[in-house]
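Notes to accompany the following structure.
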Amino acid sequence: ASKIQAVFRGRDARKKVYDVKMERSARQIQRMFRGRQARRQFYVDLTFHRERAVSIPGRIAQLRREALEQQRQLSWRLAEVERLRMLVGLGMEQKRCHQCDLSICNVHFLLQGCIRICRSVYDCPSAPGAVGLLRGDLLAETSELLAFNAHADPQLAELAALLARASR
């Protein structure tokens, strides 16, 4: 009977050791799996934040373009208000016809545009690298002025469209 008990105890002890080993290896496998998942999640998070960091300068540039566009539209509207006020002021005098008043107003704003272009050329930096910057600024300024005065002459409208395409 003691021999049977010893065999039973030995088998039971071996089974417990086997279970402990299996449990230990299962824990180790779980630990490895969790570590692999954590590393994968870390790399996913890392790439997400890297992409986000790369997109920030693009977003800043986009916001700057939007702000410049809003400023351009505001100046456009203010110039239109000024033009209408001038036209109303010219219309109060009974010396000229409406078409003459319109022509005077258009010439006035064309001359103001020429003054702005001349001022841009005069104010440009004289550094050798400023030529490309100046060319782009002058193209944008000239295109904007021609677009603003395009209603005065169809040829101005055509030139404004050509300059808008060239500045892209």
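Residue numbers start at 1 in each chain; chains themselves are named A, B, ... in the order of the structure tokens; ligands are numbered from 1 in the order shown.
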Residue neighbourhood Ala161 in chain A, 10 Å, only C-alpha atoms, exclusion window fewer than 4 positions, as a list in words:
Ser143, Leu146, Ala147, Ala150, Gln155, Leu156, Ala157, Arg165 and Ala166 of chain A
So that I can check the surroundings of Ala152 in chain A, please list as JSON, numbers by chain every protein, DNA and RNA residue that reaches within 9 Å of it, counting only C-alpha atoms and ignoring chain neighbours fewer than 6 positions away.
{"A": [102, 103, 106, 107]}
Just give me the gap between CA of Arg85 in chain A and CA of Ile115 in chain A in Å, one decimal is fine.
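Separation between CA of Arg85 in chain A and CA of Ile115 in chain A: 20.3 Å.
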So how many Å separate CA of Cys114 in chain A and CA of Ala140 in chain A, to one decimal?
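Between CA of Cys114 in chain A and CA of Ala140 in chain A the gap works out to 13.5 Å.
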Would you mind listing what lies within 8 Å of range 73-80 of chain A as a PyMOL selection string, with only C-alpha atoms counted and same-chain residues fewer than 4 positions away left out?
chain A and resi 69+84+148
Please measure the separation of CA of Gln62 in chain A and CA of Thr47 in chain A, giving the value in Å to one decimal.
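Answer for the CA of Gln62 in chain A to CA of Thr47 in chain A separation: 22.6 Å.
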I'd like the contact shell of Leu138 in chain A - 9 Å cut-off, only C-alpha atoms, skipping same-chain residues fewer than 6 positions apart - returned as a PyMOL selection string.
chain A and resi 117+120-121
Using only C-alpha atoms, pick whichever of A:Leu139, A:Cys97, A:Ile56, A:Leu145 has the shortest atom-to-atom distance to Phe109 in chain A.
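Checking each of A:Leu139, A:Cys97, A:Ile56, A:Leu145 against Phe109 in chain A, counting only C-alpha atoms, the winner is A:Leu145.
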